[in-house]
Structures are given as C-alpha cells and as structure tokens.
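Single-structure report; data block below.
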Amino acid sequence: MSRTPKAATVTRLLQRQILPTQSDSDVFRLYVDPEPAVLDADKYEVGANRNAQELNAAQMRQSISTGASIHPDQILNRTALRVVAGDKLSFGTYFNAFPASYWRRWTVVTDVTLTVRLTGVGASLTVYRSMANGRSQRVETVTTGEKSAGAFTFELPLKPFVDGGWYWYDVVAGEDDVVVESAEWTAEVPADRAEHGTVDIGITTMNRPDFCADLIVQIGEDPDLRPYLDEVLVMEQGTKLVTEDEDFPRAQAALGDQLRVIEQGNLGGSGGYARGQLESVRKGTATYFMCLDDDVICEPEGIIRAITFGDLARRPTIVGGHMFSIYSRARLHSFGEIVQPWRFWWESAPGVFGDWDFGARNLRSTRWLHKRVDVDFNGWFMCLIPRQVLEEIGLSLPVFIKWDDSEYGLRARAAGYPTVTFPGAAVWHVPWTDKNDGLDWQSYFHQRNRFIAALLHSAYPKGGRMVQESFNHQVKHIVSMQYSTVELRHKALEDVLAGPRALHGELATKLPEIREFVKPFSDAQLQADPDAFPPVRRHKPPRKGKDDTGVPTGMQTRLAALKAPIRQLLPVRPTSRQNPEAELPAMDSQWYRLTKYDSVVVSMPDGSSAALYQRDPEKFQELLKKTVDIHLRLRKEWPRLAKEYRDALGEITSPEEWEKTFAPWMSQGTEQSGSTESPAADA
C-alpha cells in the first residue's frame with residue numbers, strides 16, 4: 001500500500017520575546033507584567049439589564065493595579081529580562097503573548113513550538129492558554145531545578161482557538177535572580193513559504209520634519225528589520241522638508257540606497273500613499289507595501305510580525321496594526337474597526353472597548369481582549385498591503401483624506417482579500433479622541449468621502465440610514481451656529497452629486513478652495529489670544545445661579561431638541577452682537593447647550609484656540625431650506641449615483657489614472673541612494 005509522501009516543511013520564526021527600546025516606563029506593561037490576573041465578569045453573568053451593564057463597564061475600567069513594577073535595570077537587552085529572586089513576572093502581555101486565534105483563523109499554521117531559555121537556579125516556567133471568554137488554563141510547568149541554565153520546549157496546538165485565545169508564559173524566580181534570555185514561537189510551514197517577504201514602507205509627510213526624521217531613524221537603525229526592507233519611500237508634500245531636519249543625515253546614513261524621498265504637491269494622505277503604492281507596483285520588487293503615518297512612534301518588531309503573518313496567510317491578506325496613544329503610552333486607542341453597514345460609519349468592532357488602559361487592567365484580566373476581533377479595514381497609520389492586492393484592485397481612492405483606508409478595506413474584501421488587525425503589531429499615535437476634525441475644513445472631506453464610499457459599497461437601497469443621518473447632523477450643526485461646517489457639508493454633497501470624474505482634477509485644489517470658502521464665517525475664525533474676543537456679558541444672570549455645564553437627563557435633551565428649531569426663528573438679543581453671552585470649553589460645547597445662546601465663544605478640542613459663534617435667524621432659514629433640498633435630491637438620485645461611482649471605480653484608482661495626476665511632479669529619472677526626487681514641473 002503506497003502512501004502519499006509528506007509535503008516538505010521548514011521551520012519559521014513567528015514571534016520572539018522582545019523588550020522595550022524606549023526608556024518610557026509607561027510602555028513596560030505592554031511587554032512584561034508584574035501584576036496578578038483578576039478576570040472581569042462574564043457578560044452572561046452581568047445579564048441584559050442596562051444599568052448592570054453600564055456599572056460593569058465602569059468597573060472594568062477601574063484600575064486593579066497593585067503598584068508593582070519592574071526596574072529599567074531588569075531589562076538587559078532587546079530580548080533578555082532579569083527576574084528578581086522571589087518575584088513572578090508574566091509575559092502574557094500585548095507584545096509578548098502569542099495571539100493564537102489569529103494564527104488559527106487566518107494562516108496555514110496548525111501547531112507552534114515555544115522555546116524559552118532561562119539562566120538561574122530554581123526558576124519555574126509555566127505556559128498558559130486562554131479561551132475566547134478570557135478564562136485561562138495551565139498547560140505545563142517546568143523548573144530549572146539545580147541547573148544554572150536550561151532551554152525548555154513546548155509543542156502547542158492551535159486547534160482549540162477557533163473563536164479566540166492566546167498562549168503565554170510566566171516565570172517565577174527562586175532564591176536567586178533568573179534571566180529569561182529569550183523565547184521564540186516557531187512553526188513548521190510549507191517549504192514554499194520558507195523565505196520571508198520584503199516591504200516598501202510608504203510615509204506621507206507634510207511639515208512634520210522632526211517626527212518624520214525620527215521615524216525613519218527608528219526604521220533604519222533596527223538591525224533585525226533591515227533584511228525585511230526593500231525601500232523606504234517618503235512622500236514629501238510640505239514646505240518644511242524632512243531632508244532639512246538635523247536628524248535626516250542619520251536616517252540617510254542608516255538606510256543608504258533603501259531610502260528615497262519624493263517631493264510633490266499637497267495631495268493629502270490618499271495622494272501621498274497612492275504615490276508610494278504606484279512606485280511600489282511599478283518597481284515590482286517588494287512583496288508588500290506598508291502605509292505608515294509620519295507622526296508615529298513605531299515598534300519595529302511589529303513590522304516584522306506583520307510581514308511574517310502576511311507570508312503565512314491562507315490567501316493574500318491586508319495586515320494592520322493597532323494604535324496606542326502617543327501621550328499615554330499604555331492606552332490602546334484602536335483595537336479593531338468595522339464600517340457599520342446600516343449607518344455606514346466607522347466604529348469599533350462589536351465588544352471592543354476604546355481607549356483601554358493596560359496600566360490599569362492587564363491582558364490576562366480582560367475578557368474582551370481574548371475573543372478574536374474581525375475587522376472590515378485598518379487605518380493607514382500602519383497597514384501592510386500585499387503588492388498582489390494593489391495590482392488587482394487598484395490604488396487608493398483619490399479623496400485627499402478620510403475614508404481612503406476604510407474604502408480600500410471594503411474594496412479588498414469584495415475582491416476576496418481580508419483585512420486582519422493583528423495583535424503585536426502597533427504604533428503610538430495621537431488618538432482621534434484628542435481631535436475634532438468634524439467641524440473644521442476636514443468636515444468637507446468627512447462628508448464627501450463617506451458618501452462616496454457608501455455609494456461604492458453600501459448593500460442597502462439608498463445607503464440605509466446615510467441620508468437621514470446626514471440630515472440630522474446638518475440640523476444639529478445649524479442650531480449650534482456652526483454655519484461654516486454646514487456650508488462645507490453642503491458643498492461636499494454637491495460635489496458628490498457631480499459624480500466621480502472630477503476627483504483627480506480637484507485633488508490639489510480642493511483644500512485651498514474650501515479654506516478660502518470658510519473665511520467669512522466667524523465660527524471658522526480661530527483666535528489663539530483670549531483677549532481677541534470682547535468680554536462675556538449676559539443679558540440676565542443664570543436662573544438661580546445654576547451652572548450650565550451639568551449633564552442633562554434624557555428628557556431635558558429631548559426637550560432641547562424640540563425647542564431649538566423654534567428658538568432659531570426668534571430675534572437675537574441686541575447685546576449679543578457686542579459681547580458673547582458665554583464661554584464654553586470644547587468638552588461642554590454640545591448642541592443642546594449651544595442652542596441656549598445668541599453668541600458664545602467656544603474653545604477648540606486641542607486647547608490652542610477658540611471661535612465666536614453667533615446666531616443668525618436668516619442664515620438658519622436659508623441653510624435649513626438648502627439642507628432639505630439637497631438631501632431630498634440625494635435620496636432621489638442615489639441609484640444613479642451608485643452605478644456611476646461603481647462603474648468608474650476601476651478607472652479612478654488605476655495606476656494609469658494616478659500617473660496622470662502625479663505627472664507635474666514626476667521626475668524624468670529615478671534616483672536612489674538615499675536621494676531626493678525633486679519636482680520636475682513645480683520647482
């Protein structure tokens with residue numbers, strides 16, 4: 001009886017133990033954890049009662065930290081850690097636990113081997129695994145005994161991880177210190193996947209030369225990452241050039257001919273990344289293209305892990321990273337995002353908590369982190385795209401900023417290419433919660449590009465709730481005296497109705513156009529000097545001296561919604577034209593509060609400036625009529641527009657169409673060796 005010969009396999013390193021390169025102690029908890037595991041309540045124990053759920057969610061965010069910490073001296077190098085005699089440390093952390101369920105679901109890997117090397121007498125090592133509900137199980141415990149050193153190997157199947165779960169290990173020191181020299185997770189994989197892929201890293205930058213130069217140095221000076229790099233492409237779109245930063249020569253020396261800076265006009269994030277994608281596709285030597293924001297701090301090992309995961313994926317797969325806050329380094333801002341199909345709005349995947357503080361509750365204590373989170377897209381702050389995908393479905397949508405990354409994820413999924421937001425690959429970035437780009441010039445791009453993406457991908461007739469929700473938001477902005485935002489959103493919808501053919505032609509001109517457009521509006525005129533506004537004077541004191549910044553009840557909010565449109569028709573109080581009636585901090589500038597005033601000074605979320613809002617009854621009526629008209633038209637013309645955008649998608653995202661857009665800045669030749677491609681026709 002003949003047997004089918006066993007397919008040849010090779011051993012590949014999937015993940016290794018790493019320790020932080022930065023001295024910031026906030027990040028230590030992401031690598032090694034001295035705290036015990038105190039698992040939060042299961043959702044089925046909490047039940048369906050809304051109050052109980054809210055109380056449980058609040059309790060989950062309360063710190064369970066005992067104050068235990070590790071000393072920087074315990075970190076011996078990139079892979080080795082000293083555990084003090086008698087202490088217990090866990091590597092069940094964001095960067096060192098093994099995300100078994102992701103490997104189980106998306107890759108060809110079926111079993112992994114963990115090899116841990118210890119130095120020290122009497123040390124014990126325990127391997128654990130978790131289930132999707134967060135409950136942990138001990139797999140095996142070993143000890144060094146009287147030996148001064150030992151290497152321990154564990155064969156670990158991935159079969160039990162269909163819905164979620166991690167592997168990790170804890171180390172306990174005996175009477176002497178113990179050094180965890182290294183730990184490696186390896187697997188036997190098909191021989192045709194023996195070699196790792198390479199990546200072109202594309203960084204779009206504009207007037208952030210210091211951030212960008214620091215990032216290039218991080219990438220270029222990491223010796224473990226270098227073999228994975230094909231080229232680092234910096235798309236320079238500003239006037240403060242990265243090449244003029246004091247750290248750029250260091251980056252240039254580190255990367256040599258693997259660094260290329262391309263200067264072009266300000267075409268936004270989509271134009272910058274599309275240029276990098278085009279260069280990568282035309283060059284054709286890298287396996288992947290990675291979008292990476294210019295103002296992030298990266299963990300270079302995360303790039304290696306993303307490439308390795310992509311190499312072993314069952315099919316070509318977009319591999320994204322997570323986002324931690326650059327201001328509070330243990331806080332996870334984004335863990336996985338979807339586009340809610342009925343509203344067609346991006347949001348965290350079901351069950352995900354935003355702004356999660358690993359310093360307050362660790363991975364082993366947090367149930368929701370153990371369920372595998374599946375996503376629709378990954379933000380382009382860190383996103384690895386196989387070149388094959390770029391070649392088959394095209395480049396970025398030409399939309400300047402906003403929705404280019406989410407639209408690409410939806411487009412890729414429709415073509416059969418999934419996106420995985422992969423634990424252990426992450427950057428530190430300014431979190432979205434510290435911004436409010438829904439009110440300034442960016443509100444135009446939010447509105448226009450969301451509708452374009454919905455026209456391309458919404459499965460619901462007339463976009464589900466899209467049109468109704470847009471109308472509701474417009475009314476909210478009108479009664480909040482945010483007239484510039486209303487007009488920008490109207491302009492966005494008019495451009496949507498004009499069809500897709502103008503997108504490329506307007507890429508370089510739309511931003512200056514809309515900035516000029518909003519200049520006459522007082523709510524768009526930001527002032528950094530507090531004395532730029534007249535002093536506050538109320539027409540009468542607040543009722544019973546009550547503070548106006550309390551959180552209203554649901555009934556009070558509904559009552560405010562009923563009164564707000566009626567109040568907009570009343571004459572304004574004459575005194576409000578000379579003096580604002582109040583000052584409101586950004587955190588308290590909700591619509592139900594703004595509608596009480598005829599004029600108010602409102603600060604911006606970044607705390608750097610403020611603007612004057614002034615109620616105008618005539619403007620209210622004008623904008624309300626325009627809002628009704630344009631949304632009725634949009635609803636009526638949705639089927640025609642959807643067909644028009646979908647028919648044009650292949651053309652407007654094609655390399656050929658993008659080449660026409662880049663033509664004014666394309667060099668006649670391609671210079672290498674850490675050089676700069678200067679604009680050919682825009683000098």
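Each chain of the structure tokens is named A, B, ... in the order shown, its residues numbered from 1; ligands are numbered from 1 in display order.
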
(request) Name the residues in contact with range 501-514 of chain A at a cut-off of 10 Å, using only C-alpha atoms, excluding same-chain residues fewer than 5 positions from it; report them as a count of residues only. (result) 34

Select from range 77-152 of chain A everything DSSP, run on the backbone, classes as strand (DSSP E), then give the selection as an mmCIF file with C-alpha atoms, in the first residue's frame.
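So the final result, stored in out08.cif, reads:
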data_model
loop_
_atom_site.group_PDB
_atom_site.id
_atom_site.type_symbol
_atom_site.label_atom_id
_atom_site.label_comp_id
_atom_site.auth_asym_id
_atom_site.auth_seq_id
_atom_site.Cartn_x
_atom_site.Cartn_y
_atom_site.Cartn_z
ATOM 1 C CA LEU A 81 14.963 40.202 31.219
ATOM 2 C CA ARG A 82 16.135 39.620 34.801
ATOM 3 C CA VAL A 83 13.501 38.428 37.284
ATOM 4 C CA LYS A 88 6.842 36.386 39.442
ATOM 5 C CA LEU A 89 6.565 38.076 36.060
ATOM 6 C CA SER A 90 4.153 37.321 33.269
ATOM 7 C CA ASP A 111 0.864 23.991 15.610
ATOM 8 C CA VAL A 112 3.520 26.151 17.244
ATOM 9 C CA THR A 113 6.629 25.386 19.259
ATOM 10 C CA LEU A 114 7.610 27.634 22.154
ATOM 11 C CA THR A 115 11.257 27.567 23.216
ATOM 12 C CA VAL A 116 12.251 29.529 26.324
ATOM 13 C CA ARG A 117 15.826 29.861 27.584
ATOM 14 C CA LEU A 118 16.405 30.570 31.286
ATOM 15 C CA THR A 119 19.522 31.190 33.335
ATOM 16 C CA SER A 124 9.937 27.801 37.295
ATOM 17 C CA LEU A 125 8.241 28.410 33.972
ATOM 18 C CA THR A 126 4.518 27.915 33.366
ATOM 19 C CA VAL A 127 2.787 28.040 30.000
ATOM 20 C CA TYR A 128 -0.863 29.120 29.893
ATOM 21 C CA ARG A 129 -3.538 29.397 27.288
ATOM 22 C CA SER A 130 -6.836 31.238 27.320
ATOM 23 C CA SER A 136 -7.037 30.803 31.441
ATOM 24 C CA GLN A 137 -5.803 27.211 31.637
ATOM 25 C CA ARG A 138 -2.402 25.975 32.758
ATOM 26 C CA VAL A 139 -0.707 23.968 30.013
ATOM 27 C CA GLU A 140 2.550 22.862 31.633
ATOM 28 C CA THR A 141 5.053 23.842 34.331
ATOM 29 C CA VAL A 142 8.811 23.136 34.287
ATOM 30 C CA THR A 143 11.718 24.168 36.511
ATOM 31 C CA ALA A 149 20.579 27.226 32.736
ATOM 32 C CA GLY A 150 18.029 25.441 30.621
ATOM 33 C CA ALA A 151 16.141 25.570 27.347
ATOM 34 C CA PHE A 152 12.522 24.393 27.531
#

message: Need to verify the contact set: His477 in chain A, 9 Å, only C-alpha atoms, exclusion of same-chain residues closer than 5 positions in sequence. Can you return it as a PyMOL selection string?
response: chain A and resi 439+472+482-483+485-486+591

Keeping only C-alpha atoms, write the selected residues as a short mmCIF file (atom, residue, chain, number, x, y, z; two decimals), in the first residue's frame.
data_model
loop_
_atom_site.label_atom_id
_atom_site.label_comp_id
_atom_site.auth_asym_id
_atom_site.auth_seq_id
_atom_site.Cartn_x
_atom_site.Cartn_y
_atom_site.Cartn_z
CA LEU A 439 -16.06 70.93 12.49
CA ASN A 472 -30.00 65.10 11.29
CA GLN A 482 -21.74 76.13 13.21
CA TYR A 483 -22.60 77.70 9.88
CA THR A 485 -19.45 73.44 8.91
CA VAL A 486 -22.97 73.30 7.47
CA TRP A 591 -25.54 71.20 20.61
#

Practice problem: Point out the residue among A:Asp293, A:Glu581, A:Glu392, A:Asp529 with the least atom-to-atom distance to Ala415 in chain A, counting only C-alpha atoms. | Solution: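 Selected residue with least distance to Ala415 in chain A: A:Glu392.
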
- [ ] Pick out the closest residue to Ala524 in chain A from this set: A:Arg465, A:Met604, A:Lys636, A:Thr549. Count only C-alpha atoms.
- [x]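 Result for the nearest residue to Ala524 in chain A: A:Met604.
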
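The environment of Thr557 in chain A within 10 Å, counting only C-alpha atoms and disregarding residues fewer than 6 places along the same chain, consists of Val551, Lys563, Trp591, Tyr592 and Arg593 of chain A.
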
Per-residue nearest contacts range 333-447 of chain A to range 62-68 of chain A, cut-off 8 Å, using only C-alpha atoms, as a tab-separated table:
residue	atom	partner	partner_atom	distance
A:Gly359	CA	A:Ser65	CA	7.3
A:Ala360	CA	A:Ser63	CA	4.1
A:Arg361	CA	A:Ile64	CA	5.9

Please save C-alpha atoms of the selected residues as a compact mmCIF listing (two decimals), in the first residue's frame.
# COMPACT_ATOMS: atom_id res chain seq x y z
CA GLY A 359 -1.64 50.05 33.01
CA ALA A 360 -4.96 49.76 34.84
CA ARG A 361 -6.09 46.26 33.73

**Prompt:** Leaving out Gly284 in chain A and any residue of its chain fewer than 4 positions from it, which residues lie within 9 Å of it when counting only C-alpha atoms, given as number ranges by chain?
**Reply:** A: 279-280, 387

Spatial neighbours of His631 in chain A, max dist 10 Å, only C-alpha atoms, sep filter under 5 positions, as a count of residues only: 9

If you count only C-alpha atoms, the residue of A:Trp432, A:Phe344, A:Phe381, A:Phe95 closest to Tyr327 in chain A turns out to be A:Trp432

Q) Got a sec: who's within 9 Å of Glu175 in chain A, counting only C-alpha atoms, leaving out chain neighbours fewer than 3 positions off, as a VMD selection string? A) chain A and resid 84 to 86 121 to 123

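Compared by their closest atoms to Pro664 in chain A, and using only C-alpha atoms, the residues A:Thr11, A:Thr627, A:Gln264, A:Asn133 rank with A:Gln264 nearest.
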
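Taking only C-alpha atoms into account, Ala412 in chain A lies nearest to A:Thr317 out of the set A:Asn49, A:Ser325, A:Thr317, A:Gln447.
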
Restricting to only C-alpha atoms, whichever of A:Leu259, A:Val296, A:Leu641, A:Ala330 is closest to Cys212 in chain A is A:Val296
